[in-house]
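Source file: data16.cif. Holds: mmCIF, C-alpha atoms.
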```
data_run
loop_
_atom_site.group_PDB
_atom_site.id
_atom_site.type_symbol
_atom_site.label_atom_id
_atom_site.label_comp_id
_atom_site.auth_asym_id
_atom_site.auth_seq_id
_atom_site.Cartn_x
_atom_site.Cartn_y
_atom_site.Cartn_z
ATOM 1 C CA MET A 1160 6.130 -0.465 -2.814
ATOM 2 C CA ILE A 1161 5.271 2.259 -5.351
ATOM 3 C CA VAL A 1162 5.401 1.416 -9.058
ATOM 4 C CA ILE A 1163 6.130 4.126 -11.636
ATOM 5 C CA THR A 1164 5.180 3.616 -15.264
ATOM 6 C CA ALA A 1165 6.783 5.743 -18.015
ATOM 7 C CA PRO A 1166 9.640 6.784 -15.670
ATOM 8 C CA THR A 1167 11.729 8.336 -18.456
ATOM 9 C CA GLY A 1168 8.956 10.537 -19.896
ATOM 10 C CA ASN A 1169 8.381 14.230 -19.244
ATOM 11 C CA ILE A 1170 6.437 13.624 -16.033
ATOM 12 C CA GLY A 1171 7.959 10.335 -14.914
ATOM 13 C CA ARG A 1172 11.554 11.559 -14.953
ATOM 14 C CA ARG A 1173 10.552 14.366 -12.574
ATOM 15 C CA LEU A 1174 8.499 12.068 -10.368
ATOM 16 C CA LEU A 1175 11.157 9.363 -10.102
ATOM 17 C CA PRO A 1176 13.693 11.274 -7.947
ATOM 18 C CA LEU A 1177 10.898 12.588 -5.689
ATOM 19 C CA LEU A 1178 9.867 9.029 -4.852
ATOM 20 C CA ALA A 1179 13.361 7.510 -4.905
ATOM 21 C CA GLU A 1180 14.384 9.942 -2.170
ATOM 22 C CA SER A 1181 11.280 9.266 -0.051
ATOM 23 C CA GLY A 1182 12.535 6.166 1.725
ATOM 24 C CA GLN A 1183 9.769 4.000 0.264
ATOM 25 C CA GLU A 1184 10.508 1.136 -2.092
ATOM 26 C CA VAL A 1185 10.166 2.086 -5.753
ATOM 27 C CA ARG A 1186 9.807 -0.146 -8.784
ATOM 28 C CA VAL A 1187 9.805 1.167 -12.358
ATOM 29 C CA VAL A 1188 8.464 -0.290 -15.585
ATOM 30 C CA VAL A 1189 10.653 0.744 -18.490
ATOM 31 C CA ARG A 1190 11.370 -0.526 -21.996
ATOM 32 C CA ASP A 1191 15.019 0.538 -21.925
ATOM 33 C CA PRO A 1192 16.646 0.597 -18.466
ATOM 34 C CA ALA A 1193 19.661 2.414 -19.931
ATOM 35 C CA ARG A 1194 17.499 5.542 -20.178
ATOM 36 C CA LEU A 1195 17.069 5.707 -16.408
ATOM 37 C CA PRO A 1196 19.226 8.361 -14.711
ATOM 38 C CA GLU A 1197 22.384 6.896 -13.249
ATOM 39 C CA SER A 1198 21.627 8.620 -9.948
ATOM 40 C CA VAL A 1199 18.595 6.394 -9.325
ATOM 41 C CA ARG A 1200 19.418 3.114 -11.099
ATOM 42 C CA GLY A 1201 20.786 1.449 -8.008
ATOM 43 C CA ARG A 1202 17.962 2.702 -5.794
ATOM 44 C CA VAL A 1203 14.948 1.306 -7.654
ATOM 45 C CA GLU A 1204 13.804 -2.110 -8.782
ATOM 46 C CA VAL A 1205 13.459 -2.387 -12.561
ATOM 47 C CA VAL A 1206 10.919 -4.381 -14.551
ATOM 48 C CA THR A 1207 11.810 -4.289 -18.240
ATOM 49 C CA GLY A 1208 8.987 -4.161 -20.751
ATOM 50 C CA SER A 1209 5.893 -2.230 -21.801
ATOM 51 C CA HIS A 1210 3.266 -1.473 -19.164
ATOM 52 C CA GLY A 1211 0.660 -2.205 -21.834
ATOM 53 C CA ASP A 1212 1.778 -5.844 -21.832
ATOM 54 C CA ALA A 1213 -0.098 -8.297 -19.581
ATOM 55 C CA ALA A 1214 2.944 -10.347 -18.579
ATOM 56 C CA THR A 1215 4.936 -7.213 -17.748
ATOM 57 C CA VAL A 1216 2.288 -5.679 -15.479
ATOM 58 C CA GLU A 1217 1.758 -9.031 -13.761
ATOM 59 C CA ARG A 1218 5.417 -8.885 -12.696
ATOM 60 C CA ALA A 1219 5.390 -5.171 -11.985
ATOM 61 C CA PHE A 1220 2.294 -4.997 -9.786
ATOM 62 C CA ALA A 1221 2.964 -8.050 -7.603
ATOM 63 C CA GLY A 1222 3.288 -6.727 -4.050
ATOM 64 C CA ALA A 1223 2.605 -3.133 -5.095
ATOM 65 C CA ASP A 1224 0.768 -0.772 -2.758
ATOM 66 C CA ALA A 1225 0.430 2.083 -5.261
ATOM 67 C CA VAL A 1226 0.956 2.748 -8.959
ATOM 68 C CA PHE A 1227 1.585 5.865 -11.000
ATOM 69 C CA TRP A 1228 -0.174 5.279 -14.314
ATOM 70 C CA LEU A 1229 0.616 7.175 -17.510
ATOM 71 C CA VAL A 1230 -0.318 6.036 -21.004
ATOM 72 C CA PRO A 1231 2.222 7.072 -23.657
ATOM 73 C CA PRO A 1232 0.208 8.393 -26.636
ATOM 74 C CA ASP A 1233 0.491 6.087 -29.620
ATOM 75 C CA GLY A 1234 -0.505 7.689 -32.897
ATOM 76 C CA SER A 1235 -0.516 4.331 -34.662
ATOM 77 C CA LEU A 1236 -3.678 3.257 -32.794
ATOM 78 C CA THR A 1237 -7.268 4.404 -32.487
ATOM 79 C CA PRO A 1238 -7.972 6.571 -29.407
ATOM 80 C CA GLU A 1239 -9.839 3.729 -27.676
ATOM 81 C CA ALA A 1240 -6.986 1.300 -28.287
ATOM 82 C CA ALA A 1241 -4.354 3.866 -27.303
ATOM 83 C CA TYR A 1242 -5.957 4.547 -23.910
ATOM 84 C CA SER A 1243 -8.428 1.888 -22.692
ATOM 85 C CA GLY A 1244 -6.956 -0.885 -24.824
ATOM 86 C CA PHE A 1245 -3.477 -0.195 -23.482
ATOM 87 C CA THR A 1246 -4.799 -0.011 -19.906
ATOM 88 C CA ARG A 1247 -6.973 -3.154 -19.758
ATOM 89 C CA PRO A 1248 -4.134 -5.552 -18.807
ATOM 90 C CA ALA A 1249 -3.113 -3.184 -16.009
ATOM 91 C CA ALA A 1250 -6.682 -2.853 -14.706
ATOM 92 C CA ARG A 1251 -6.905 -6.645 -14.458
ATOM 93 C CA ALA A 1252 -3.536 -6.758 -12.699
ATOM 94 C CA PHE A 1253 -4.584 -4.035 -10.211
ATOM 95 C CA ALA A 1254 -7.481 -6.261 -9.139
ATOM 96 C CA ALA A 1255 -5.535 -9.513 -9.221
ATOM 97 C CA HIS A 1256 -2.722 -8.194 -7.024
ATOM 98 C CA GLY A 1257 -4.830 -6.075 -4.688
ATOM 99 C CA VAL A 1258 -3.156 -2.774 -5.576
ATOM 100 C CA GLY A 1259 -4.638 -0.233 -3.175
ATOM 101 C CA HIS A 1260 -4.032 3.151 -4.807
ATOM 102 C CA VAL A 1261 -3.503 4.362 -8.374
ATOM 103 C CA VAL A 1262 -2.705 7.887 -9.532
ATOM 104 C CA GLY A 1263 -3.159 8.453 -13.260
ATOM 105 C CA VAL A 1264 -2.499 11.290 -15.662
ATOM 106 C CA SER A 1265 -5.697 12.339 -17.400
ATOM 107 C CA ALA A 1266 -7.484 15.440 -18.646
ATOM 108 C CA LEU A 1267 -9.897 18.191 -17.740
ATOM 109 C CA GLY A 1268 -13.398 18.255 -19.178
ATOM 110 C CA ARG A 1269 -15.515 15.726 -17.283
ATOM 111 C CA GLY A 1270 -19.075 17.020 -17.000
ATOM 112 C CA THR A 1271 -18.710 19.676 -19.691
ATOM 113 C CA PRO A 1272 -20.954 19.950 -22.781
ATOM 114 C CA GLN A 1273 -17.921 19.293 -25.010
ATOM 115 C CA VAL A 1274 -16.690 16.082 -23.399
ATOM 116 C CA ALA A 1275 -18.712 13.590 -25.444
ATOM 117 C CA ARG A 1276 -16.924 14.722 -28.615
ATOM 118 C CA ALA A 1277 -13.503 15.672 -27.308
ATOM 119 C CA GLY A 1278 -11.465 13.007 -29.070
ATOM 120 C CA LEU A 1279 -8.389 12.035 -27.094
ATOM 121 C CA VAL A 1280 -9.821 13.601 -23.940
ATOM 122 C CA THR A 1281 -12.979 11.495 -24.264
ATOM 123 C CA ALA A 1282 -10.754 8.427 -24.607
ATOM 124 C CA SER A 1283 -8.654 9.439 -21.594
ATOM 125 C CA LEU A 1284 -11.718 9.861 -19.376
ATOM 126 C CA ALA A 1285 -12.996 6.438 -20.492
ATOM 127 C CA MET A 1286 -9.631 5.067 -19.360
ATOM 128 C CA ASP A 1287 -10.222 6.654 -15.937
ATOM 129 C CA ASP A 1288 -13.571 4.865 -15.689
ATOM 130 C CA LEU A 1289 -11.888 1.571 -16.586
ATOM 131 C CA ILE A 1290 -9.297 1.995 -13.824
ATOM 132 C CA ALA A 1291 -11.946 3.074 -11.307
ATOM 133 C CA GLY A 1292 -13.921 -0.071 -12.126
ATOM 134 C CA SER A 1293 -10.994 -2.265 -11.047
ATOM 135 C CA GLY A 1294 -11.729 -1.531 -7.379
ATOM 136 C CA VAL A 1295 -8.662 0.575 -6.576
ATOM 137 C CA ALA A 1296 -8.726 3.942 -4.881
ATOM 138 C CA TYR A 1297 -8.075 6.195 -7.854
ATOM 139 C CA ARG A 1298 -7.139 9.809 -8.404
ATOM 140 C CA ALA A 1299 -7.064 11.115 -11.956
ATOM 141 C CA LEU A 1300 -4.784 14.112 -12.367
ATOM 142 C CA ALA A 1301 -7.005 16.304 -14.538
ATOM 143 C CA CYS A 1302 -4.539 18.310 -16.607
ATOM 144 C CA PRO A 1303 -4.825 20.983 -19.281
ATOM 145 C CA SER A 1304 -2.213 21.430 -22.015
ATOM 146 C CA PHE A 1305 1.401 21.536 -20.833
ATOM 147 C CA TYR A 1306 3.787 24.481 -21.016
ATOM 148 C CA GLU A 1307 6.289 21.923 -22.309
ATOM 149 C CA ASN A 1308 4.367 21.577 -25.579
ATOM 150 C CA LEU A 1309 6.049 24.833 -26.566
ATOM 151 C CA LEU A 1310 9.450 23.123 -26.499
ATOM 152 C CA GLU A 1311 8.402 21.368 -29.715
ATOM 153 C CA GLU A 1312 8.244 24.821 -31.290
ATOM 154 C CA ALA A 1313 11.537 26.106 -29.939
ATOM 155 C CA GLY A 1314 12.996 26.130 -33.445
ATOM 156 C CA SER A 1315 10.134 28.191 -34.864
ATOM 157 C CA ILE A 1316 10.272 30.582 -31.922
ATOM 158 C CA ARG A 1317 14.028 30.944 -32.298
ATOM 159 C CA GLU A 1318 14.121 31.315 -36.080
ATOM 160 C CA ASP A 1319 10.852 33.117 -36.847
ATOM 161 C CA GLY A 1320 9.487 34.334 -33.536
ATOM 162 C CA VAL A 1321 6.304 32.320 -34.086
ATOM 163 C CA PHE A 1322 4.430 29.611 -32.193
ATOM 164 C CA THR A 1323 1.307 27.802 -33.343
ATOM 165 C CA ASP A 1324 -1.870 26.357 -31.887
ATOM 166 C CA THR A 1325 -5.507 26.045 -32.959
ATOM 167 C CA ILE A 1326 -7.438 28.016 -30.328
ATOM 168 C CA ALA A 1327 -8.579 31.624 -30.655
ATOM 169 C CA ALA A 1328 -5.798 34.115 -29.929
ATOM 170 C CA ASP A 1329 -7.778 35.823 -27.170
ATOM 171 C CA ARG A 1330 -9.186 32.711 -25.422
ATOM 172 C CA PRO A 1331 -7.726 32.316 -21.908
ATOM 173 C CA VAL A 1332 -7.183 28.660 -20.970
ATOM 174 C CA PRO A 1333 -5.447 26.874 -18.114
ATOM 175 C CA LEU A 1334 -1.972 25.464 -18.679
ATOM 176 C CA VAL A 1335 0.451 23.605 -16.426
ATOM 177 C CA ALA A 1336 4.125 22.731 -15.997
ATOM 178 C CA VAL A 1337 4.914 19.015 -15.955
ATOM 179 C CA ALA A 1338 6.968 19.512 -12.783
ATOM 180 C CA ASP A 1339 3.759 20.496 -10.982
ATOM 181 C CA ILE A 1340 2.027 17.336 -12.221
ATOM 182 C CA ALA A 1341 4.918 15.239 -10.894
ATOM 183 C CA ALA A 1342 4.848 17.015 -7.527
ATOM 184 C CA THR A 1343 1.088 16.487 -7.184
ATOM 185 C CA ALA A 1344 1.454 12.813 -8.084
ATOM 186 C CA ALA A 1345 4.233 12.376 -5.532
ATOM 187 C CA GLY A 1346 2.104 13.897 -2.786
ATOM 188 C CA LEU A 1347 -0.763 11.498 -3.487
ATOM 189 C CA LEU A 1348 1.463 8.441 -3.808
ATOM 190 C CA LEU A 1349 3.331 9.122 -0.578
ATOM 191 C CA ASP A 1350 0.272 10.006 1.536
ATOM 192 C CA ARG A 1351 -2.231 7.291 0.713
ATOM 193 C CA SER A 1352 -4.854 8.256 3.279
ATOM 194 C CA TRP A 1353 -7.370 9.029 0.508
ATOM 195 C CA THR A 1354 -10.044 6.606 -0.582
ATOM 196 C CA GLY A 1355 -12.605 6.201 -3.338
ATOM 197 C CA VAL A 1356 -12.459 7.651 -6.833
ATOM 198 C CA GLY A 1357 -11.992 11.262 -7.842
ATOM 199 C CA SER A 1358 -10.086 13.750 -9.937
ATOM 200 C CA VAL A 1359 -7.572 16.399 -8.940
ATOM 201 C CA PRO A 1360 -7.227 19.404 -11.270
ATOM 202 C CA VAL A 1361 -3.573 20.341 -11.737
ATOM 203 C CA LEU A 1362 -3.353 23.889 -13.073
ATOM 204 C CA GLY A 1363 -0.935 26.747 -13.469
ATOM 205 C CA PRO A 1364 -1.642 29.873 -11.399
ATOM 206 C CA GLN A 1365 -3.759 31.623 -14.065
ATOM 207 C CA ASP A 1366 -5.526 31.117 -17.372
ATOM 208 C CA LEU A 1367 -3.615 32.557 -20.319
ATOM 209 C CA SER A 1368 -4.545 33.175 -23.949
ATOM 210 C CA PRO A 1369 -2.119 32.630 -26.833
ATOM 211 C CA ASP A 1370 -1.757 36.409 -27.020
ATOM 212 C CA ASP A 1371 -0.805 36.411 -23.315
ATOM 213 C CA LEU A 1372 1.776 33.699 -23.974
ATOM 214 C CA ALA A 1373 3.244 35.699 -26.857
ATOM 215 C CA ARG A 1374 3.543 38.806 -24.674
ATOM 216 C CA ILE A 1375 5.218 36.927 -21.816
ATOM 217 C CA MET A 1376 7.600 35.078 -24.131
ATOM 218 C CA THR A 1377 8.544 38.373 -25.772
ATOM 219 C CA GLU A 1378 9.378 39.813 -22.351
ATOM 220 C CA GLU A 1379 11.268 36.788 -21.055
ATOM 221 C CA LEU A 1380 13.156 35.908 -24.242
ATOM 222 C CA GLY A 1381 14.020 39.495 -25.154
ATOM 223 C CA ARG A 1382 12.817 39.027 -28.739
ATOM 224 C CA PRO A 1383 9.435 39.475 -30.456
ATOM 225 C CA VAL A 1384 7.200 36.405 -30.390
ATOM 226 C CA ARG A 1385 3.784 36.201 -32.066
ATOM 227 C CA TYR A 1386 1.020 33.634 -32.305
ATOM 228 C CA ARG A 1387 -0.207 31.975 -35.492
ATOM 229 C CA ARG A 1388 -3.560 30.228 -35.302
ATOM 230 C CA GLN A 1389 -3.495 26.991 -37.284
ATOM 231 C CA PRO A 1390 -6.736 25.901 -38.993
ATOM 232 C CA LEU A 1391 -7.948 22.473 -37.904
ATOM 233 C CA ASP A 1392 -7.911 21.240 -41.504
ATOM 234 C CA GLU A 1393 -4.234 22.133 -41.720
ATOM 235 C CA LEU A 1394 -3.523 20.308 -38.465
ATOM 236 C CA ARG A 1395 -5.372 17.252 -39.756
ATOM 237 C CA SER A 1396 -3.514 17.134 -43.063
ATOM 238 C CA THR A 1397 -0.147 17.683 -41.383
ATOM 239 C CA MET A 1398 -0.664 14.835 -38.923
ATOM 240 C CA LEU A 1399 -1.970 12.494 -41.605
ATOM 241 C CA GLY A 1400 1.163 13.356 -43.567
ATOM 242 C CA TYR A 1401 3.213 11.901 -40.713
ATOM 243 C CA GLY A 1402 1.498 8.564 -41.302
ATOM 244 C CA LEU A 1403 -0.514 8.547 -38.076
ATOM 245 C CA ASN A 1404 -3.676 6.489 -37.633
ATOM 246 C CA ALA A 1405 -6.595 8.403 -39.173
ATOM 247 C CA ALA A 1406 -8.838 7.820 -36.145
ATOM 248 C CA PHE A 1407 -6.111 9.033 -33.788
ATOM 249 C CA VAL A 1408 -5.645 12.151 -35.911
ATOM 250 C CA GLU A 1409 -9.377 12.815 -35.815
ATOM 251 C CA GLY A 1410 -9.234 12.358 -32.040
ATOM 252 C CA MET A 1411 -6.548 15.037 -31.846
ATOM 253 C CA VAL A 1412 -8.573 17.381 -34.058
ATOM 254 C CA GLU A 1413 -11.721 16.826 -31.974
ATOM 255 C CA MET A 1414 -9.760 17.507 -28.780
ATOM 256 C CA LYS A 1415 -8.389 20.762 -30.190
ATOM 257 C CA ARG A 1416 -11.862 21.831 -31.333
ATOM 258 C CA ALA A 1417 -13.327 21.050 -27.904
ATOM 259 C CA LYS A 1418 -10.610 23.032 -26.147
ATOM 260 C CA ASP A 1419 -11.385 26.031 -28.354
ATOM 261 C CA GLU A 1420 -15.044 25.654 -27.377
ATOM 262 C CA GLY A 1421 -14.271 25.763 -23.640
ATOM 263 C CA LEU A 1422 -13.518 22.155 -22.665
ATOM 264 C CA ASP A 1423 -10.854 23.201 -20.122
ATOM 265 C CA SER A 1424 -12.512 26.400 -18.910
ATOM 266 C CA GLY A 1425 -14.335 27.128 -15.691
ATOM 267 C CA VAL A 1426 -12.224 25.044 -13.307
ATOM 268 C CA VAL A 1427 -12.020 26.662 -9.873
ATOM 269 C CA ARG A 1428 -8.510 26.712 -8.459
ATOM 270 C CA SER A 1429 -8.341 25.241 -4.989
ATOM 271 C CA SER A 1430 -6.827 27.324 -2.216
ATOM 272 C CA ARG A 1431 -5.367 24.057 -0.879
ATOM 273 C CA ALA A 1432 -3.462 23.282 -4.066
ATOM 274 C CA ARG A 1433 0.317 23.341 -3.900
ATOM 275 C CA PRO A 1434 2.052 26.447 -5.346
ATOM 276 C CA ALA A 1435 2.083 26.295 -9.136
ATOM 277 C CA THR A 1436 4.754 27.339 -11.630
ATOM 278 C CA GLY A 1437 3.945 30.569 -13.438
ATOM 279 C CA PHE A 1438 4.454 30.798 -17.175
ATOM 280 C CA ALA A 1439 7.033 33.582 -16.932
ATOM 281 C CA GLN A 1440 9.059 31.504 -14.485
ATOM 282 C CA TRP A 1441 8.832 28.474 -16.791
ATOM 283 C CA CYS A 1442 9.987 30.564 -19.757
ATOM 284 C CA ALA A 1443 13.000 31.835 -17.842
ATOM 285 C CA GLU A 1444 13.961 28.443 -16.412
ATOM 286 C CA THR A 1445 13.085 26.078 -19.268
ATOM 287 C CA LEU A 1446 12.175 27.665 -22.599
ATOM 288 C CA LYS A 1447 14.917 30.298 -22.733
ATOM 289 C CA PRO A 1448 17.746 27.830 -21.940
ATOM 290 C CA ALA A 1449 16.373 25.424 -24.578
ATOM 291 C CA ILE A 1450 16.378 28.147 -27.205
ATOM 292 C CA MET A 1451 19.828 29.419 -26.235
ATOM 293 C CA GLU A 1452 21.229 25.882 -26.244
ATOM 294 C CA ALA A 1453 19.967 25.414 -29.782
ATOM 295 C CA VAL A 1454 21.524 28.728 -30.820
ATOM 296 C CA ASP A 1455 24.883 27.797 -29.295
ATOM 297 C CA ALA A 1456 24.817 24.421 -31.031
ATOM 298 C CA ARG A 1457 24.551 25.932 -34.514
#
```
How does the structure come out when it is put into structure tokens?
Amino acid sequence: MIVITAPTGNIGRRLLPLLAESGQEVRVVVRDPARLPESVRGRVEVVTGSHGDAATVERAFAGADAVFWLVPPDGSLTPEAAYSGFTRPAARAFAAHGVGHVVGVSALGRGTPQVARAGLVTASLAMDDLIAGSGVAYRALACPSFYENLLEEAGSIREDGVFTDTIAADRPVPLVAVADIAATAAGLLLDRSWTGVGSVPVLGPQDLSPDDLARIMTEELGRPVRYRRQPLDELRSTMLGYGLNAAFVEGMVEMKRAKDEGLDSGVVRSSRARPATGFAQWCAETLKPAIMEAVDAR
């Protein structure tokens, strides 16, 4: 029995069909079962509720051999509450039910000079330590920023040819497609021969700077795209304007600052890693259709 948390999110909805088609039993924890794809509803067991709730995870993890763990970011909480606080009931349930293997979505940066003050990343790595302390075999998927973050800026790219971030325009950093995270998670959940605690970097094929992204998007979209670097103070004020928790906002700002200082840099790509999605391919297959769909809908 493999349990999937957050099965309707960006990663979970790509992981779900990979596991549902594997022949192993799959159980999902979901707030709204109606959001599950019709193609898999009859092939998985459903536990309705939040996987941050003690009673829900007690039901969900009974008889489970492995769990895919993903914390949905909650900007109404402090970073510690959003990650470790949300995870504590699950960590107790892992131990109580003898769950053998857990694969969790986490972040790069462990062991770097920046990690102690990396905001949300610091909180995510503390969550990893909490899970590891439950006695399970654990693999943290150490991820950089996602290509998919650019989908939030599809309107700006379409209307103004501009996308925004806070790192230096010429700083190359690793990025990744969420489909590659799902595929890596599926491999670990289906082949549970691994033991102990560790992390698995999940990276795109090359580091890219914002200027590189702008050049590739220009080529793939057939329209000029440029990068605008957003000051951290502007990011902070914008997020506070959305009514988010002040400590969570500061955690986001600290994470962005740490990434600009090299938090994600220096990771050696493994020759044994599965093939990764290139940014140009992702633009052609995902970003361009999203932009064209928005244009057609006007």
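For A:Glu1312, the list of residues within 8 Å, based on all atoms listed in the file and with local chain neighbours fewer than 4 positions off taken out, reads Asn1308, Ile1316, Phe1322 and Thr1323 of chain A.
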Could you take the residues named above and write them with C-alpha atoms, as a compact mmCIF listing (two decimals), in the frame of the given file?
```txt
# COMPACT_ATOMS: atom_id res chain seq x y z
CA ASN A 1308 4.37 21.58 -25.58
CA ILE A 1316 10.27 30.58 -31.92
CA PHE A 1322 4.43 29.61 -32.19
CA THR A 1323 1.31 27.80 -33.34
```
Taking all atoms listed in the file into account, produce a table as CSV in which each residue of stretch 1310-1405 of chain A with an atom at most 12 Å from an atom of stretch 1185-1202 of chain A appears once, together with its shortest atom pair and the distance in Å to one decimal, ordered by chain and rising number.
```
residue,atom,partner,partner_atom,distance
A:Ala1345,CA,A:Val1185,CA,11.9
A:Leu1348,CA,A:Val1185,CA,11.0
A:Leu1349,CA,A:Val1185,CA,11.1
```
Original post:
Hey, what comes out of the PyMOL selection byres ((chain A and resi 1328) around 10) on this file? Could you write it as a ChimeraX atom specification?
Top reply: /A:1324-1327,1329-1331,1367-1373,1386-1388,1419
Original post:
Which neighbours of A:Gly1425 fall inside 10 Å, counting all atoms listed in the file, when residues of the same chain fewer than 5 positions from it are skipped, and could you give them as a PyMOL selection string?
Top reply: chain A and resi 1268+1271+1332-1333+1366
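Of the listed residues (A:Asp1339, A:Glu1239, A:Glu1217, A:Asp1224), A:Asp1339 comes nearest to A:Gly1171; the distances count only C-alpha atoms.
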**OP:** Name every residue that the PyMOL selection byres ((chain A and resi 1338) around 9) selects in this structure, writing the answer as a ChimeraX atom specification with chains first and numbers rising.
**Re:** /A:1169-1170,1173-1174,1335-1337,1339-1343,1436
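Remark: for A:Gly1208, the closest of the candidate residues A:Val1274, A:Ile1290, A:Ala1165, A:Ile1375 is A:Ala1165 (distances computed over all atoms listed in the file).
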Subject >> Answer key for the PyMOL selection byres ((chain A and resi 1310) around 9), residues as a ChimeraX atom specification >> reply: /A:1306-1309,1311-1314,1445-1446,1449-1450
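Across the structure, atom CA of A:Ala1432 and atom CA of A:Val1361 are spaced 8.2 Å apart.
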Can you write out as a Markdown table which residues of stretch 1381-1400 of chain A fall within 7 Å of stretch 1405-1408 of chain A, alongside each residue's closest atom pair and its distance in Å to one decimal, counting all atoms listed in the file and ordering rows by chain and ascending residue number?
```
| residue | atom | partner | partner_atom | distance |
| --- | --- | --- | --- | --- |
| A:Arg1395 | CA | A:Val1408 | CA | 6.4 |
| A:Met1398 | CA | A:Val1408 | CA | 6.4 |
| A:Leu1399 | CA | A:Ala1405 | CA | 6.6 |
```
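You can rank A:Ser1304, A:Phe1245, A:Arg1172, A:Val1205 by their closest distance to A:Glu1184 using all atoms listed in the file, and at the top of that list sits A:Val1205.
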Skip A:Asp1233 itself and residues of its chain fewer than 4 positions away, then list as a PDB file with C-alpha atoms, in the coordinates of the input all residues within 10 Å of it, counting only C-alpha atoms.
```pdb
ATOM      1  CA  THR A1237      -7.268   4.404 -32.487  1.00  0.00           C
ATOM      2  CA  PRO A1238      -7.972   6.571 -29.407  1.00  0.00           C
ATOM      3  CA  ALA A1240      -6.986   1.300 -28.287  1.00  0.00           C
ATOM      4  CA  ALA A1241      -4.354   3.866 -27.303  1.00  0.00           C
ATOM      5  CA  TYR A1242      -5.957   4.547 -23.910  1.00  0.00           C
ATOM      6  CA  PHE A1245      -3.477  -0.195 -23.482  1.00  0.00           C
ATOM      7  CA  LEU A1403      -0.514   8.547 -38.076  1.00  0.00           C
ATOM      8  CA  ASN A1404      -3.676   6.489 -37.633  1.00  0.00           C
ATOM      9  CA  PHE A1407      -6.111   9.033 -33.788  1.00  0.00           C
TER      10      PHE A1407
END
```
Which residues of stretch 1272-1387 of chain A have any atom within 6 Å of an atom in stretch 1248-1262 of chain A when counting all atoms listed in the file, and what is the closest pair of atoms for each, with the distance in Å to one decimal? Order the rows by chain and rising number and write it as a tab-separated table.
```
residue	atom	partner	partner_atom	distance
A:Ile1290	CA	A:Ala1250	CA	5.6
A:Ser1293	CA	A:Ala1254	CA	5.7
A:Val1295	CA	A:Gly1259	CA	5.3
A:Ala1296	CA	A:His1260	CA	4.8
A:Tyr1297	CA	A:Val1261	CA	5.0
A:Arg1298	CA	A:Val1262	CA	5.0
A:Ala1299	CA	A:Val1262	CA	5.9
```
Subject >> From A:Glu1413, A:Trp1353, A:Pro1434, A:Val1280, residue lying nearest A:Asp1392 [all atoms listed in the file] >> reply: A:Glu1413
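Atom CA of A:Leu1236 is found 17.0 Å from atom CA of A:Leu1284.
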Report as lines of an AutoDock Vina configuration file the centre and the edge lengths, in Å to one decimal, of the axis-aligned box holding every listed atom of stretch 1230-1249 of chain A, padded by 6 Å on each side.
```
center_x = -3.8
center_y = 1.4
center_z = -25.3
size_x = 24.1
size_y = 25.9
size_z = 30.7
```
Subject >> Interatomic distance (Å, one decimal) between atom CA of A:Val1412 and atom CA of A:Gly1400 >> reply: 14.2 Å
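Of the residues listed (A:Asp1287, A:Glu1452, A:Glu1204, A:Glu1420), A:Asp1287 shows the shortest atom-to-atom separation from A:Ser1243; distances use all atoms listed in the file.
Take the candidates A:Gly1402, A:Gly1320, A:Pro1360, A:Gly1234 and check each one against A:Arg1374 using only C-alpha atoms; the shortest distance goes to A:Gly1320.
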Original post:
Got a sec: who's within 7 Å of A:Phe1227, counting only C-alpha atoms, leaving out chain neighbours fewer than 2 positions off, as a VMD selection string?
Top reply: chain A and resid 1162 to 1164 1225 1229 1261 to 1263
